[in-house]
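Below is structure15.cif, holding mmCIF, C-alpha atoms.
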data_structure
#
loop_
_atom_site.label_atom_id
_atom_site.label_comp_id
_atom_site.auth_asym_id
_atom_site.auth_seq_id
_atom_site.Cartn_x
_atom_site.Cartn_y
_atom_site.Cartn_z
CA MET L 1 100.93 95.17 114.44
CA ASN L 2 99.06 91.88 114.38
CA GLY L 3 97.92 89.84 111.41
CA THR L 4 94.29 90.90 111.67
CA SER L 5 95.26 94.57 111.37
CA HIS L 6 97.51 93.88 108.39
CA MET L 7 94.73 91.94 106.69
CA ALA L 8 92.23 94.73 107.30
CA ILE L 9 94.59 97.35 105.85
CA GLY L 10 95.32 95.17 102.83
CA ALA L 11 91.64 94.49 102.23
CA GLY L 12 90.93 98.21 102.49
CA THR L 13 93.68 98.89 99.97
CA GLY L 14 92.16 96.38 97.56
CA PHE L 15 88.71 97.89 98.06
CA ILE L 16 89.96 101.42 97.32
CA ILE L 17 91.77 100.32 94.15
CA ALA L 18 88.75 98.33 92.99
CA ASN L 19 86.47 101.33 93.40
CA ALA L 20 88.96 103.66 91.76
CA THR L 21 89.11 101.41 88.70
CA GLY L 22 85.32 101.01 88.44
CA ALA L 23 85.30 97.29 89.20
CA ASP L 24 81.96 95.50 89.53
CA PHE L 25 80.71 94.08 92.83
CA GLN L 26 82.16 90.57 92.44
CA THR L 27 85.54 91.87 91.30
CA THR L 28 85.58 94.33 94.20
CA LEU L 29 85.05 91.48 96.65
CA LEU L 30 87.79 89.44 94.95
CA LEU L 31 90.30 92.29 94.95
CA SER L 32 89.52 93.17 98.57
CA GLY L 33 90.15 89.57 99.60
CA LEU L 34 93.31 89.45 97.52
CA GLY L 35 94.57 92.64 99.16
CA GLY L 36 93.95 91.19 102.60
CA LEU L 37 95.71 87.93 101.77
CA THR L 38 98.78 89.48 100.16
CA ALA L 39 99.15 91.88 103.10
CA LEU L 40 100.01 88.83 105.21
CA MET L 41 102.70 87.50 102.88
CA PRO L 42 105.72 89.28 104.45
CA ASP L 43 105.11 87.28 107.63
CA PHE L 44 105.96 83.99 105.91
CA ASP L 45 109.50 84.40 107.25
CA ILE L 46 110.91 82.56 110.28
CA ASP L 47 108.96 83.43 113.44
CA GLY L 48 106.45 85.33 111.32
CA LYS L 49 102.85 85.03 112.46
CA LEU L 50 101.73 83.36 109.24
CA SER L 51 104.50 80.81 108.78
CA ASN L 52 103.38 78.57 111.64
CA LYS L 53 99.75 78.63 110.52
CA ILE L 54 100.22 77.17 107.03
CA THR L 55 102.31 74.19 108.09
CA PHE L 56 101.81 71.13 110.22
CA SER L 57 103.45 71.21 113.62
CA HIS L 58 106.95 69.80 113.45
CA GLN L 59 106.14 67.74 116.55
CA PHE L 60 103.25 66.14 114.64
CA PHE L 61 105.47 65.44 111.64
CA ARG L 62 108.19 64.04 113.88
CA THR L 63 105.75 61.68 115.64
CA VAL L 64 104.31 60.41 112.36
CA ALA L 65 107.80 59.89 110.91
CA GLN L 66 108.91 57.97 113.98
CA ILE L 67 105.87 55.70 113.82
CA VAL L 68 106.43 55.07 110.10
CA GLY L 69 110.12 54.35 110.72
CA PHE L 70 109.34 51.93 113.55
CA LEU L 71 106.71 50.09 111.50
CA MET L 72 109.14 49.84 108.58
CA ILE L 73 111.79 48.30 110.85
CA MET L 74 109.31 45.79 112.30
CA TYR L 75 107.88 44.87 108.91
CA SER L 76 111.35 44.41 107.38
CA PHE L 77 112.51 42.29 110.31
CA PHE L 78 109.55 39.93 110.30
CA GLN L 79 108.55 39.91 106.61
CA GLY L 80 111.71 40.79 104.69
CA ARG L 81 114.00 38.32 102.99
CA GLY L 82 117.73 38.50 102.46
CA ASN L 83 118.98 42.02 101.83
CA GLU L 84 115.43 43.37 102.06
CA ILE L 85 115.64 43.01 105.84
CA TRP L 86 118.71 45.23 106.18
CA ILE L 87 117.60 47.75 103.55
CA GLY L 88 114.18 48.13 105.17
CA MET L 89 115.55 48.34 108.69
CA GLY L 90 118.19 50.82 107.59
CA ALA L 91 115.59 52.99 105.85
CA GLY L 92 113.33 52.91 108.91
CA THR L 93 116.19 53.86 111.19
CA GLY L 94 117.15 56.67 108.82
CA ILE L 95 113.62 58.07 108.92
CA ILE L 96 113.62 58.07 112.73
CA VAL L 97 117.02 59.76 112.89
CA PHE L 98 116.05 62.33 110.25
CA SER L 99 112.83 63.21 112.10
CA ALA L 100 114.83 64.16 115.20
CA PHE L 101 116.39 67.07 113.31
CA VAL L 102 113.15 68.48 111.90
CA ARG L 103 112.21 71.93 113.22
CA GLN L 104 109.26 74.20 112.43
CA ARG L 105 111.20 76.18 109.85
CA HIS L 106 111.92 72.95 107.99
CA MET L 107 108.17 72.40 107.75
CA LEU L 108 107.89 75.78 106.04
CA THR L 109 110.70 74.82 103.67
CA MET L 110 108.93 71.59 102.79
CA THR L 111 105.69 73.51 102.27
CA GLY L 112 107.45 75.80 99.80
CA ILE L 113 108.94 72.84 97.97
CA GLY L 114 105.49 71.28 97.79
CA VAL L 115 103.97 74.48 96.39
CA ALA L 116 106.75 74.79 93.79
CA SER L 117 106.31 71.14 92.83
CA GLY L 118 102.61 71.78 92.31
CA GLY L 119 103.52 74.74 90.13
CA PHE L 120 105.78 72.58 87.97
CA SER L 121 103.01 69.99 87.68
CA LEU L 122 100.47 72.63 86.63
CA GLN L 123 103.06 74.54 84.59
CA GLU L 124 102.14 77.78 86.36
CA ILE L 125 105.05 80.17 86.78
CA TRP L 126 103.42 82.18 89.57
CA ILE L 127 102.94 79.06 91.71
CA ILE L 128 106.56 78.03 91.15
CA LEU L 129 107.73 81.51 92.18
CA LEU L 130 105.42 81.50 95.20
CA GLY L 131 106.97 78.20 96.29
CA ALA L 132 110.43 79.71 95.86
CA PHE L 133 109.33 82.73 97.92
CA ILE L 134 108.18 80.46 100.77
CA VAL L 135 111.41 78.43 100.67
CA ILE L 136 113.55 81.58 100.81
CA ALA L 137 111.38 83.00 103.59
CA SER L 138 111.96 79.86 105.65
CA PHE L 139 115.67 80.71 105.86
CA VAL L 140 115.57 84.42 106.68
CA PRO L 141 114.93 86.10 110.06
CA HIS L 142 111.67 87.89 110.79
CA ARG L 143 111.42 91.43 109.46
CA SER L 144 114.39 91.03 107.16
CA TYR L 145 114.26 90.28 103.44
CA THR L 146 110.52 89.64 103.18
CA HIS L 147 110.07 93.09 104.73
CA SER L 148 112.41 94.82 102.28
CA LEU L 149 112.11 96.40 98.85
CA ALA L 150 113.84 93.32 97.43
CA GLY L 151 111.09 91.14 98.89
CA LEU L 152 108.46 93.51 97.54
CA ALA L 153 110.01 93.39 94.05
CA PHE L 154 110.11 89.58 94.10
CA PHE L 155 106.49 89.42 95.16
CA ALA L 156 105.53 91.95 92.48
CA VAL L 157 106.86 89.50 89.89
CA ILE L 158 104.67 86.77 91.40
CA ALA L 159 101.69 89.14 91.32
CA TYR L 160 102.32 90.00 87.67
CA GLN L 161 102.53 86.34 86.69
CA PHE L 162 99.34 85.66 88.65
CA GLU L 163 97.44 88.37 86.77
CA GLN L 164 98.68 87.02 83.44
CA ALA L 165 97.60 83.48 84.37
CA ALA L 166 94.31 84.24 86.12
CA GLY L 167 93.23 87.15 83.96
CA VAL L 168 91.93 89.14 86.94
CA ASN L 169 92.25 92.80 86.03
CA HIS L 170 94.13 94.97 88.52
CA SER L 171 95.20 91.96 90.62
CA PHE L 172 98.84 92.90 90.04
CA ILE L 173 98.51 96.38 91.50
CA VAL L 174 96.26 95.19 94.34
CA SER L 175 98.61 92.35 95.30
CA THR L 176 101.67 94.57 95.18
CA ALA L 177 99.93 97.33 97.11
CA GLY L 178 98.64 94.83 99.67
CA TYR L 179 102.16 93.54 100.26
CA ALA L 180 103.53 97.09 100.44
CA SER L 181 100.86 98.06 102.96
CA HIS L 182 102.34 95.53 105.40
CA LEU L 183 105.79 97.10 105.11
CA ILE L 184 104.41 100.59 105.62
CA ALA L 185 102.33 99.52 108.63
CA ASP L 186 105.42 97.96 110.24
CA MET L 187 107.51 101.14 110.09
CA LYS L 188 108.84 102.32 113.43
CA ILE L 189 107.68 105.89 112.83
CA LEU L 190 104.26 104.59 113.84
CA PRO L 191 103.86 104.78 117.63
CA PHE L 192 102.71 101.17 118.11
CA ASN L 193 105.82 99.63 116.48
CA ARG L 194 108.93 99.09 118.60
CA ARG L 195 110.86 97.85 115.55
CA GLY L 196 110.96 99.06 111.99
CA VAL L 197 111.65 97.55 108.59
CA LYS L 198 114.96 97.30 106.77
CA TYR L 199 113.86 98.47 103.34
CA PHE L 200 117.27 98.42 101.68
CA LEU L 201 118.61 94.98 102.57
CA PRO L 202 121.17 93.72 101.69
CA LEU L 203 122.71 97.14 100.99
CA SER L 204 121.75 98.65 104.34
CA SER L 205 120.34 97.32 107.61
CA LYS L 206 118.98 100.69 108.72
CA GLU L 207 115.44 100.47 110.10
CA PHE L 208 112.71 102.87 109.03
#

Since I need it in another form, could you write the structure as structure tokens?
Amino acid sequence: MNGTSHMAIGAGTGFIIANATGADFQTTLLLSGLGGLTALMPDFDIDGKLSNKITFSHQFFRTVAQIVGFLMIMYSFFQGRGNEIWIGMGAGTGIIVFSAFVRQRHMLTMTGIGVASGGFSLQEIWIILLGAFIVIASFVPHRSYTHSLAGLAFFAVIAYQFEQAAGVNHSFIVSTAGYASHLIADMKILPFNRRGVKYFLPLSSKEF
């Protein structure tokens, strides 16, 4: 199932919950959007459809890093004095070498670190946890832990902290249900899925 379908199902889930709880028009729109967004979250993992869309291309990052490294070497060589020359040239060379090892999943890891850092700066627990979720997702294969009950439970904690911080009624249940809708829609009992989800990782790798 593609991302558009997951988003539509999540938005529909949010809409149903909003109407069931008697939410006003603005809150219904907000909860529907939240349901659609959270339904995409399981695909933050490696090779997931969403992970490559929230990060810069690693080729772009690599090119920028190589340019910065080269300019640092040139500047240190022509403008540096004494040990500054060798320190600057060494740092520039290090940046160029480091950039050669950067892959797309590392971009996702850096994105997660950036989100968590923002959370620490704002002192918002849910943002810190979201950053941690993205970092963890950058190290796990597609349709593994982010598509399990463990991943759902972790995200439910994020959703709870978000509701406490934002004060949006029913956002916890909508966010959790939106995430869960993705897992249900990816089950192999549905005819359009060739693969299923491993709900009970790490205890069992059986697909459902």

### Task
Please write the residues picked by the PyMOL selection byres ((chain L and resi 184-186) around 12) on this file as number ranges by chain.
L: 1-3, 5-10, 39-40, 42-43, 142-144, 147-149, 152, 177-183, 187-199, 207-208

### Task
For range 156-170 of chain L, list every protein, DNA or RNA residue within 10 Å, evaluated using all atoms listed in the file, and leave out those in the same chain fewer than 6 positions away; present the list as a ChimeraX atom specification.
/L:14,17-18,21,23,27,30-31,38,124-130,133,150,176-177,179-180

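The two atoms in question, CA of Ile136 in chain L and CA of Leu34 in chain L, are spaced 22.0 Å apart.
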
### Task
Kindly resolve the PyMOL selection byres ((chain L and resi 115) around 10) on the present coordinates and return the residues as a PyMOL selection string.
chain L and resi 109-114+116-121+127-135

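Using only C-alpha atoms for every distance, the candidate list L:Thr93, L:Ser205, L:Thr13, L:Ser175 yields L:Ser205 as the residue closest to Tyr145 in chain L.
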
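Atom pair CA of Met107 in chain L / CA of Ala137 in chain L: separated by 11.8 Å.
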
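The interatomic distance for the pair CA of Phe154 in chain L and CA of Pro202 in chain L works out to 14.0 Å.
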
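You can rank L:Gln26, L:Phe139, L:Val174, L:Gly33 by their closest distance to His106 in chain L using all atoms listed in the file, and at the top of that list sits L:Phe139.
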
### Task
Tell me, as a ChimeraX atom specification, which residues lie within 9 Å of Ala100 in chain L, counting all atoms listed in the file; anything in the same chain fewer than 5 positions away does not count.
/L:62,66,95
